[in-house]
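Source file my_file07.csv; content: CSV, C-alpha atoms.
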```csv
chain,number,residue,atom,x,y,z
A,5,MET,CA,140.8,59.7,42.3
A,6,LYS,CA,141.3,62.4,44.9
A,7,ILE,CA,140.4,66.0,44.3
A,8,TYR,CA,141.5,69.1,46.3
A,9,GLN,CA,140.7,72.7,45.8
A,10,ALA,CA,141.8,76.1,47.1
A,11,ASN,CA,139.9,79.4,46.9
A,12,ILE,CA,142.8,81.9,46.6
A,13,VAL,CA,142.2,85.2,48.2
A,14,PRO,CA,144.2,88.5,48.2
A,15,LEU,CA,147.0,89.2,50.6
A,16,ASN,CA,148.8,92.6,50.9
A,17,GLU,CA,146.2,94.1,48.5
A,18,GLN,CA,146.1,97.5,50.3
A,19,ALA,CA,149.8,97.8,50.0
A,20,ILE,CA,150.3,96.7,46.4
A,21,GLY,CA,147.2,98.2,44.8
A,22,THR,CA,145.6,95.0,43.4
A,23,ALA,CA,143.5,92.2,44.8
A,24,ALA,CA,144.9,89.0,43.3
A,25,HIS,CA,142.4,86.1,43.5
A,26,GLY,CA,141.7,82.8,41.9
A,27,THR,CA,141.3,79.1,42.3
A,28,ALA,CA,143.5,76.0,42.3
A,29,LEU,CA,142.4,72.4,41.6
A,30,PHE,CA,144.6,69.4,42.4
A,31,THR,CA,143.6,66.0,41.0
A,32,ILE,CA,145.4,62.8,41.9
A,33,ASN,CA,144.5,60.1,39.5
A,34,GLY,CA,146.7,57.0,39.4
A,35,ASP,CA,150.3,58.0,39.2
A,36,SER,CA,149.8,61.6,38.3
A,37,LEU,CA,148.9,64.9,40.0
A,38,THR,CA,147.2,67.4,37.7
A,39,ILE,CA,147.5,71.0,38.9
A,40,ASN,CA,145.2,73.7,37.6
A,41,ILE,CA,145.6,77.3,38.8
A,42,GLU,CA,143.7,80.3,37.5
A,43,MET,CA,144.5,83.8,38.7
A,44,PHE,CA,143.0,87.2,38.2
A,45,ASP,CA,144.1,90.7,39.0
A,46,THR,CA,147.7,89.9,39.8
A,47,PRO,CA,150.4,92.5,38.9
A,48,ALA,CA,150.4,92.5,35.1
A,49,ASN,CA,153.1,91.4,32.8
A,50,LEU,CA,155.0,89.8,35.6
A,51,GLN,CA,156.2,86.3,36.5
A,52,HIS,CA,154.5,85.0,39.6
A,53,TRP,CA,156.1,82.4,41.9
A,54,GLU,CA,153.5,80.0,43.2
A,55,HIS,CA,153.9,77.1,45.7
A,56,PHE,CA,152.3,75.1,48.4
A,57,HIS,CA,153.5,75.7,51.9
A,58,GLY,CA,153.2,73.5,54.9
A,59,PHE,CA,154.8,72.0,58.0
A,60,PRO,CA,157.1,69.0,57.5
A,61,ASP,CA,155.8,67.5,60.8
A,62,GLY,CA,152.3,67.2,59.3
A,63,LYS,CA,150.7,70.1,61.3
A,64,ALA,CA,147.9,71.7,59.3
A,65,ALA,CA,148.9,75.0,57.6
A,66,GLU,CA,146.6,78.0,57.7
A,67,ILE,CA,146.5,81.0,55.4
A,68,ALA,CA,148.3,84.2,56.5
A,69,THR,CA,146.3,87.3,57.1
A,70,SER,CA,147.2,90.9,58.0
A,71,ALA,CA,147.5,89.6,61.6
A,72,GLN,CA,150.8,88.0,60.6
A,73,ASP,CA,152.3,91.5,59.9
A,74,VAL,CA,154.3,91.2,63.2
A,75,ASN,CA,156.6,94.2,62.5
A,76,HIS,CA,153.6,96.4,61.5
A,77,ASP,CA,155.1,97.7,58.3
A,78,GLY,CA,151.9,97.2,56.3
A,79,PHE,CA,153.2,94.1,54.5
A,80,VAL,CA,152.9,90.4,55.3
A,81,ASP,CA,156.2,89.2,53.9
A,82,LEU,CA,157.4,85.6,53.3
A,83,PRO,CA,159.1,85.0,56.7
A,84,GLU,CA,156.0,86.4,58.5
A,85,THR,CA,153.8,83.7,56.9
A,86,GLY,CA,155.9,80.9,58.4
A,87,ALA,CA,154.2,80.8,61.8
A,88,VAL,CA,150.9,79.8,60.4
A,89,SER,CA,151.7,78.4,56.9
A,90,GLY,CA,155.1,76.6,57.4
A,91,THR,CA,157.8,76.5,54.8
A,92,THR,CA,157.7,76.6,51.0
A,93,MET,CA,157.4,73.0,49.8
A,94,VAL,CA,156.4,72.4,46.2
A,95,PRO,CA,156.7,74.9,43.4
A,96,PHE,CA,154.2,75.3,40.6
A,97,ASN,CA,156.6,75.9,37.8
A,98,ASP,CA,157.7,74.0,34.8
A,99,ALA,CA,158.8,70.9,36.9
A,100,PRO,CA,157.1,70.7,40.3
A,101,HIS,CA,158.5,67.2,40.9
A,102,GLU,CA,162.1,68.5,40.8
A,103,MET,CA,161.2,70.9,43.7
A,104,ASP,CA,163.6,73.5,42.4
A,105,ILE,CA,162.1,76.7,43.9
A,106,PRO,CA,164.2,79.7,43.0
A,107,ASN,CA,164.1,79.9,39.2
A,108,ASP,CA,162.5,81.7,36.3
A,109,GLU,CA,160.1,79.0,35.1
A,110,TYR,CA,156.8,80.3,36.7
A,111,PRO,CA,153.7,81.6,35.0
A,112,VAL,CA,153.7,85.2,33.7
A,113,ALA,CA,150.5,87.3,34.0
A,114,ASP,CA,149.1,89.0,30.9
A,115,ALA,CA,148.4,92.7,30.6
A,116,ASN,CA,145.2,92.2,32.6
A,117,GLY,CA,146.9,90.4,35.4
A,118,TYR,CA,145.5,87.0,34.4
A,119,PHE,CA,147.3,83.7,34.1
A,120,ALA,CA,146.4,80.0,34.0
A,121,TYR,CA,148.7,77.2,34.9
A,122,THR,CA,148.2,73.6,34.2
A,123,LYS,CA,150.8,70.8,34.8
A,124,VAL,CA,150.5,67.1,35.0
A,125,VAL,CA,153.2,65.9,37.5
A,126,PRO,CA,154.5,62.3,37.8
A,127,LEU,CA,153.4,61.5,41.4
A,128,ALA,CA,156.1,58.9,42.1
A,129,ALA,CA,158.8,61.4,41.2
A,130,LEU,CA,157.2,64.1,43.3
A,131,ASP,CA,156.7,61.8,46.3
A,132,LYS,CA,160.3,60.6,46.1
A,133,LYS,CA,161.7,64.2,46.1
A,134,PHE,CA,159.3,65.3,48.8
A,135,LYS,CA,160.4,62.5,51.0
A,136,GLU,CA,164.1,63.2,50.4
A,137,THR,CA,163.5,66.9,51.2
A,138,PHE,CA,161.1,66.7,54.1
A,139,ASN,CA,161.5,63.2,55.4
A,140,ASP,CA,157.8,62.8,54.8
A,141,SER,CA,156.3,60.6,52.1
A,142,GLU,CA,152.8,62.1,52.2
A,143,LEU,CA,152.0,65.2,50.3
A,144,GLU,CA,148.9,65.7,52.5
A,145,LEU,CA,147.5,68.4,50.3
A,146,ASP,CA,144.6,69.0,52.7
A,147,LYS,CA,147.2,70.2,55.3
A,148,ARG,CA,148.8,72.7,52.9
A,149,VAL,CA,148.2,76.2,51.6
A,150,ILE,CA,149.0,77.8,48.3
A,151,TYR,CA,150.7,81.1,47.9
A,152,ILE,CA,151.1,83.3,44.8
A,153,HIS,CA,154.0,85.8,45.0
A,154,GLY,CA,155.3,88.8,43.2
A,155,VAL,CA,155.0,92.6,42.7
A,156,THR,CA,156.5,94.9,40.2
A,157,ASP,CA,159.7,96.7,41.0
A,158,ASP,CA,157.9,100.1,41.2
A,159,VAL,CA,156.0,99.0,44.4
A,160,THR,CA,157.9,100.7,47.3
A,161,LEU,CA,158.7,98.1,49.9
A,162,PRO,CA,160.1,99.2,53.2
A,163,ASP,CA,163.5,97.9,54.3
A,164,THR,CA,161.6,95.8,56.9
A,165,VAL,CA,160.1,93.6,54.2
A,166,GLU,CA,162.2,90.4,54.2
A,167,GLY,CA,162.2,87.1,52.2
A,168,ALA,CA,164.8,87.5,49.4
A,169,VAL,CA,165.8,84.1,48.1
A,170,GLY,CA,169.2,84.0,46.5
A,171,HIS,CA,169.4,86.7,43.9
A,172,TYR,CA,165.6,87.1,43.9
A,173,SER,CA,164.4,90.2,45.7
A,174,THR,CA,161.5,90.7,48.1
A,175,HIS,CA,159.5,92.0,45.1
A,176,VAL,CA,159.6,88.5,43.7
A,177,THR,CA,158.8,86.7,47.0
A,178,LEU,CA,156.2,89.0,48.5
A,179,PRO,CA,153.0,87.0,48.9
A,180,ILE,CA,150.0,88.5,47.0
A,181,ALA,CA,147.4,85.8,47.4
A,182,VAL,CA,146.8,82.7,49.5
A,183,GLY,CA,144.4,79.8,49.7
A,184,LYS,CA,143.8,76.8,52.0
A,185,ILE,CA,143.8,73.5,50.1
A,186,VAL,CA,140.8,71.4,51.1
A,187,ALA,CA,139.7,67.9,50.0
A,188,LEU,CA,136.5,67.7,47.9
```

Could you express the structure from this file as structure tokens?
Amino acid sequence: MKIYQANIVPLNEQAIGTAAHGTALFTINGDSLTINIEMFDTPANLQHWEHFHGFPDGKAAEIATSAQDVNHDGFVDLPETGAVSGTTMVPFNDAPHEMDIPNDEYPVADANGYFAYTKVVPLAALDKKFKETFNDSELELDKRVIYIHGVTDDVTLPDTVEGAVGHYSTHVTLPIAVGKIVAL
């Protein structure tokens, strides 16, 4: 059995008015990956995209901080995270092993901004899709970071905030919390 954990800390908290935080636990046991994520103080009554990000070449990803706000607009948007965190890799939605990222199957926070996500993923299916997508057969969780995304539409985002995906706006993709995944 292999166990990995991430302490998830706020990102963009001054700009969005809430300091989302939580923990993630990843347990590989046999042919399954169990994912447990618990979040607090996220924007309430809102679906939150959550994924792990990383570099397909195996370089270790790091968490983004306010230092990644390269255009100095007060927000670290999705494209600005790429230099230190890499690309979006595996979603934590209803079917992580399908690696279908832009959809509406992510957790929804309650009225207090709390949500918990638990999913048991068939590891062989995830490994296969991961290798097809990134030409890399190793998940290497300890080289990845987790991001939680999403703010309400009433948060004013400047035109300089980027990262819309398909018909999903930057309100959906704006990172609100991040954590480095480490092996225990």

Could you produce a table of the residues of segment 34-116 of chain A lying within 8 Å of segment 155-179 of chain A, with the nearest pair of atoms per residue and their separation in Å rounded to one decimal, using all atoms listed in the file, ordered by chain and increasing residue number, as a Markdown table?
```
| residue | atom | partner | partner_atom | distance |
| --- | --- | --- | --- | --- |
| A:Pro47 | CA | A:Val155 | CA | 6.0 |
| A:Leu50 | CA | A:Thr156 | CA | 7.0 |
| A:His52 | CA | A:Val176 | CA | 7.4 |
| A:Trp53 | CA | A:Thr177 | CA | 7.2 |
| A:Asn75 | CA | A:Thr164 | CA | 7.7 |
| A:Asp77 | CA | A:Thr164 | CA | 6.9 |
| A:Phe79 | CA | A:Val165 | CA | 6.9 |
| A:Val80 | CA | A:Pro179 | CA | 7.2 |
| A:Asp81 | CA | A:Leu178 | CA | 5.4 |
| A:Leu82 | CA | A:Gly167 | CA | 5.1 |
| A:Pro83 | CA | A:Gly167 | CA | 5.9 |
| A:Pro106 | CA | A:Val169 | CA | 6.9 |
```

Could you turn the residues from that selection into a file that holds C-alpha atoms, as a short mmCIF file (atom, residue, chain, number, x, y, z; two decimals), in the coordinates of the input?
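Final file, result-v4.cif:
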```
data_model
loop_
_atom_site.label_atom_id
_atom_site.label_comp_id
_atom_site.auth_asym_id
_atom_site.auth_seq_id
_atom_site.Cartn_x
_atom_site.Cartn_y
_atom_site.Cartn_z
CA PRO A 47 150.40 92.50 38.90
CA LEU A 50 155.00 89.80 35.60
CA HIS A 52 154.50 85.00 39.60
CA TRP A 53 156.10 82.40 41.90
CA ASN A 75 156.60 94.20 62.50
CA ASP A 77 155.10 97.70 58.30
CA PHE A 79 153.20 94.10 54.50
CA VAL A 80 152.90 90.40 55.30
CA ASP A 81 156.20 89.20 53.90
CA LEU A 82 157.40 85.60 53.30
CA PRO A 83 159.10 85.00 56.70
CA PRO A 106 164.20 79.70 43.00
#
```

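Here atom CA of Gly154 of chain A is placed at a distance of 18.4 Å from atom CA of Asn11 of chain A.
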
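Atom CA of Val13 of chain A sits 14.3 Å away from atom CA of Tyr118 of chain A.
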
Ile7 of chain A surroundings by all atoms listed in the file, 6 Å radius, close-in-sequence under 3 positions cut, as a ChimeraX atom specification: /A:30-31,188

Any chance you can output those residues with C-alpha atoms as a PDB file, keeping the file's coordinate frame?
```pdb
ATOM      1  CA  PHE A  30     144.600  69.400  42.400  1.00  0.00           C
ATOM      2  CA  THR A  31     143.600  66.000  41.000  1.00  0.00           C
ATOM      3  CA  LEU A 188     136.500  67.700  47.900  1.00  0.00           C
TER       4      LEU A 188
END
```

Point-to-point distance from atom CA of Tyr121 of chain A to atom CA of Leu37 of chain A, Å rounded to tenths: 13.3 Å

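Excluding Val125 of chain A itself and any same-chain residue fewer than 4 positions from it, the protein and nucleic acid residues within 8 Å of it, counting all atoms listed in the file, are Ser36, Leu37, Thr38, Ile39, Ala99, Pro100, His101 and Leu130 of chain A.
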
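Minimum atom-to-atom distance to Asn49 of chain A, evaluated using all atoms listed in the file, belongs to A:Ala113 out of A:Ile152, A:Lys132, A:Glu142, A:Ala113.
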
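With only C-alpha atoms as the atoms that count, the residue of A:Gly78, A:Gly62, A:Gly26, A:Gly34 with the shortest distance to Val124 of chain A is A:Gly34.
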
Counting all atoms listed in the file, the option among A:Tyr110, A:Tyr151, A:Phe44, A:Phe134 closest to Glu66 of chain A: A:Tyr151

Selected residue of minimal separation from Val94 of chain A among A:Thr137, A:Thr122, A:Asn16, A:Thr27, counting all atoms listed in the file: A:Thr137

Ile105 of chain A surroundings by only C-alpha atoms, 9 Å radius, close-in-sequence under 6 positions cut, as JSON, numbers by chain: {"A": [53, 55, 92, 93, 94, 95, 96, 97]}

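Distances from A:Leu143, A:Ile12, A:Ala187, A:Ala120 to Pro60 of chain A were compared using only C-alpha atoms, and the smallest one belongs to A:Leu143.
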
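Each of A:Thr91, A:Asn40, A:Ser70, A:Gln51 was checked against Ala19 of chain A using only C-alpha atoms; the smallest atom-to-atom distance is that of A:Ser70.
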
Contacts of Gly58 of chain A at 9 Å (only C-alpha atoms; same-chain gap of 2+ positions) as a list of chain:residue names: A:Phe56, A:Pro60, A:Asp61, A:Gly62, A:Lys63, A:Ala64, A:Ala65, A:Glu66, A:Gly86, A:Val88, A:Ser89, A:Gly90, A:Thr91, A:Thr92, A:Met93, A:Leu145, A:Lys147, A:Arg148, A:Val149, A:Ile150
